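Let me begin by presenting the structure, written as structure tokens, before commenting on it.
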Amino acid sequence: MKDFRKNSLINYVEQLEEESVLKLSQELLNEGMQPLELLQHIKEGMNRVGELYERKDYYIADLIMAGLIFKQVLELDKMTAHFHSKQNKKIGKVVLGTVKGDIHDIGKDIVRGMLEINGFEVIDLGVDVAKEIFLKKVEEYKPDIVGLSGVLTYSVDTMKEVIDAFIEAGLRDTIRFIVGGNHLTEEVCKFMGADSYATDATAGVLTCRQWINDTKGKK
Ligand code: B12
């Protein structure tokens, strides 16, 4: 029964059935499903939307609709409580942003929420962020970690450009870089010169916590 409803949810997302997605999400949360599990199912539906777009069965308007549905799920009370509650005691500081040329922000916003509930202060620079802005904000806020988000293939090059700009400015050794996006791999991470990568928020936040626990950052 549980699997049936989980599959229904994924199908509703794929079919962009906004009302059904929201209704079933709310029901599943009320019945005790954990926000992180719900997130995984919605994400699976989004992947299918992406595949339909790639096959040209869906258009850009469908991607926009999928994005709007996802954002509404994140605004359900139990999701907001999970992803947006801030801890008073701060364990570290992260400058986070989606790199230039990329305006996808759903994943970044989830990462921000999860970092915050794990005690990080997050300076969120938004989307389409130029390397100069990352440099300026790092000099201003002196974070432990910089998180770069990007889900487009060409964002890999842009992320590398950001890290290269820090090397040129002589600031690379003062911080750790974590890059995130569901197409990233160990190999790509090495190519960019990042310290780590994550294809989901939970793994990324765990890495950030380990860095703080192990060495209190590189500073
Ligand atoms: C919704 C969506 C959109 C929406 C975005 C709305 C928004 N506010 O974000 C809109 C309509 C704007 C959009 C536009 C485009 N999109 Co789009 N989009 C998607 C879609 C369907 C879902 C993305 C999403 O939100 N996923 C859910 C989130 C939760 O997952 P996530 O982003 O991966 O984030 C998780 C992890 O990656 C990780 N993470 C992410 N960032 C970070 C950062 C750090 C530091 C860490 C630790 C972890 C981390 O944690 C997150 C949570 O677990 C994807 C398909 C897909 N499979 O992802 C296509 C997809 C990403 N889009 C695609 C394309 C092609 C486009 C357009 C170029 C289309 C066009 N012709 O205009 C434009 C590009 C616009 C631009 N310049 O950025 C392609 C990219 C292909 C490629 N290989 O480059 C995809 C893969 C679809 C496809 N299969 O073809 N899109």
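Scheme for the structure tokens: letters A, B, ... for chains in order shown; per-chain residue numbers from 1; ligand numbers from 1 in order shown.
For Asn88 (chain A), the set of protein, DNA and RNA residues having any atom at most 12 Å away, when counting only C-alpha atoms and skipping those fewer than 4 positions along the same chain, is Gly92, Glu116, Ile117, Asn118, Gly119, Phe120 and Glu121 of chain A.
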Write out, as a Markdown table, each residue of chain A that has an atom at most 6 Å from ligand 1, together with the closest pair of atoms and their distance in Å to one decimal, counting only C-alpha atoms and all ligand atoms, rows going by chain and rising number.
| residue | atom | partner | partner_atom_place_in_ligand_line | distance |
| --- | --- | --- | --- | --- |
| A:Lys43 | CA | ligand 1 | 27 (C) | 5.1 |
| A:Met46 | CA | ligand 1 | 21 (C) | 4.9 |
| A:Asn47 | CA | ligand 1 | 57 (N) | 3.6 |
| A:Val49 | CA | ligand 1 | 21 (C) | 5.3 |
| A:Gly50 | CA | ligand 1 | 89 (N) | 3.6 |
| A:Glu51 | CA | ligand 1 | 89 (N) | 4.7 |
| A:Tyr53 | CA | ligand 1 | 90 (O) | 5.5 |
| A:Glu54 | CA | ligand 1 | 90 (O) | 4.3 |
| A:Ile60 | CA | ligand 1 | 11 (C) | 5.8 |
| A:Leu63 | CA | ligand 1 | 11 (C) | 4.3 |
| A:Ile64 | CA | ligand 1 | 11 (C) | 3.7 |
| A:Ala66 | CA | ligand 1 | 1 (C) | 5.4 |
| A:Gly67 | CA | ligand 1 | 1 (C) | 3.9 |
| A:Gly101 | CA | ligand 1 | 77 (N) | 5.0 |
| A:Asp102 | CA | ligand 1 | 78 (O) | 3.4 |
| A:Ile103 | CA | ligand 1 | 78 (O) | 3.8 |
| A:His104 | CA | ligand 1 | 9 (O) | 3.3 |
| A:Asp105 | CA | ligand 1 | 9 (O) | 3.9 |
| A:Ile106 | CA | ligand 1 | 9 (O) | 4.4 |
| A:Gly107 | CA | ligand 1 | 34 (O) | 3.2 |
| A:Lys108 | CA | ligand 1 | 41 (N) | 4.4 |
| A:Ile110 | CA | ligand 1 | 52 (C) | 5.5 |
| A:Val111 | CA | ligand 1 | 50 (O) | 5.8 |
| A:Gly147 | CA | ligand 1 | 45 (C) | 3.7 |
| A:Leu148 | CA | ligand 1 | 45 (C) | 4.9 |
| A:Ser149 | CA | ligand 1 | 43 (C) | 3.8 |
| A:Gly150 | CA | ligand 1 | 41 (N) | 5.9 |
| A:Val151 | CA | ligand 1 | 61 (C) | 5.2 |
| A:Leu152 | CA | ligand 1 | 84 (O) | 3.4 |
| A:Thr153 | CA | ligand 1 | 84 (O) | 3.9 |
| A:Ile178 | CA | ligand 1 | 45 (C) | 5.3 |
| A:Val179 | CA | ligand 1 | 45 (C) | 4.8 |
| A:Gly180 | CA | ligand 1 | 42 (C) | 3.5 |
| A:Gly181 | CA | ligand 1 | 37 (O) | 3.2 |
| A:Asn182 | CA | ligand 1 | 37 (O) | 3.9 |
| A:Ala198 | CA | ligand 1 | 47 (C) | 4.9 |
| A:Thr199 | CA | ligand 1 | 36 (C) | 4.5 |
| A:Asp200 | CA | ligand 1 | 53 (O) | 3.5 |
| A:Ala201 | CA | ligand 1 | 50 (O) | 3.7 |
| A:Gly204 | CA | ligand 1 | 47 (C) | 3.7 |
Within 8 Å of region 129-135 of chain A, which residues of region 154-217 of chain A show up? Give each one with its shortest atom-to-atom distance in Å (one decimal) and the two atoms involved, counting only C-alpha atoms, rows by chain then rising residue number, as CSV.
residue,atom,partner,partner_atom,distance
A:Glu161,CA,A:Lys131,CA,7.2
A:Val162,CA,A:Lys131,CA,4.8
A:Ala165,CA,A:Lys131,CA,6.9
A:Phe166,CA,A:Leu135,CA,6.9
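Residue neighbourhood of region 186-192 of chain A, excluding near-sequence residues (fewer than 2 positions): Met159, Lys160, Leu184, Ala194, Ser196 and Tyr197 of chain A, at 7 Å, using only C-alpha atoms.
Within the 10 Å cut-off around Asn11 (chain A), using only C-alpha atoms and omitting residues fewer than 3 positions from it on the same chain, the listed residues are A:Arg5, A:Lys6, A:Asn7, A:Ser8, A:Glu14, A:Gln15, A:Leu16, A:Glu17, A:Ser20, A:Val21, A:His41, A:Ile42, A:Glu44, A:Gly45, A:Met46, A:Arg48, A:Val49.
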So which residues touch Ile145 (chain A) within 7 Å, counting only C-alpha atoms, skipping near sequence neighbours fewer than 3 positions away, as a PyMOL selection string?
chain A and resi 93-95+175-177
Quick one: write out the picked residues with N, CA and C atoms as a compact mmCIF listing (two decimals), in the first residue's frame?
# COMPACT_ATOMS: atom_id res chain seq x y z
N LYS A 93 30.33 28.77 9.10
CA LYS A 93 29.72 29.73 8.17
C LYS A 93 29.92 29.24 6.74
N VAL A 94 28.86 29.31 5.95
CA VAL A 94 28.93 28.88 4.55
C VAL A 94 28.43 29.98 3.64
N VAL A 95 29.20 30.28 2.61
CA VAL A 95 28.72 31.16 1.53
C VAL A 95 28.24 30.22 0.42
N ILE A 175 39.74 28.46 2.58
CA ILE A 175 38.39 27.88 2.65
C ILE A 175 38.32 26.51 1.99
N ARG A 176 37.21 25.83 2.28
CA ARG A 176 36.94 24.58 1.59
C ARG A 176 35.78 24.79 0.63
N PHE A 177 35.88 24.12 -0.50
CA PHE A 177 34.82 24.20 -1.51
C PHE A 177 34.06 22.89 -1.58
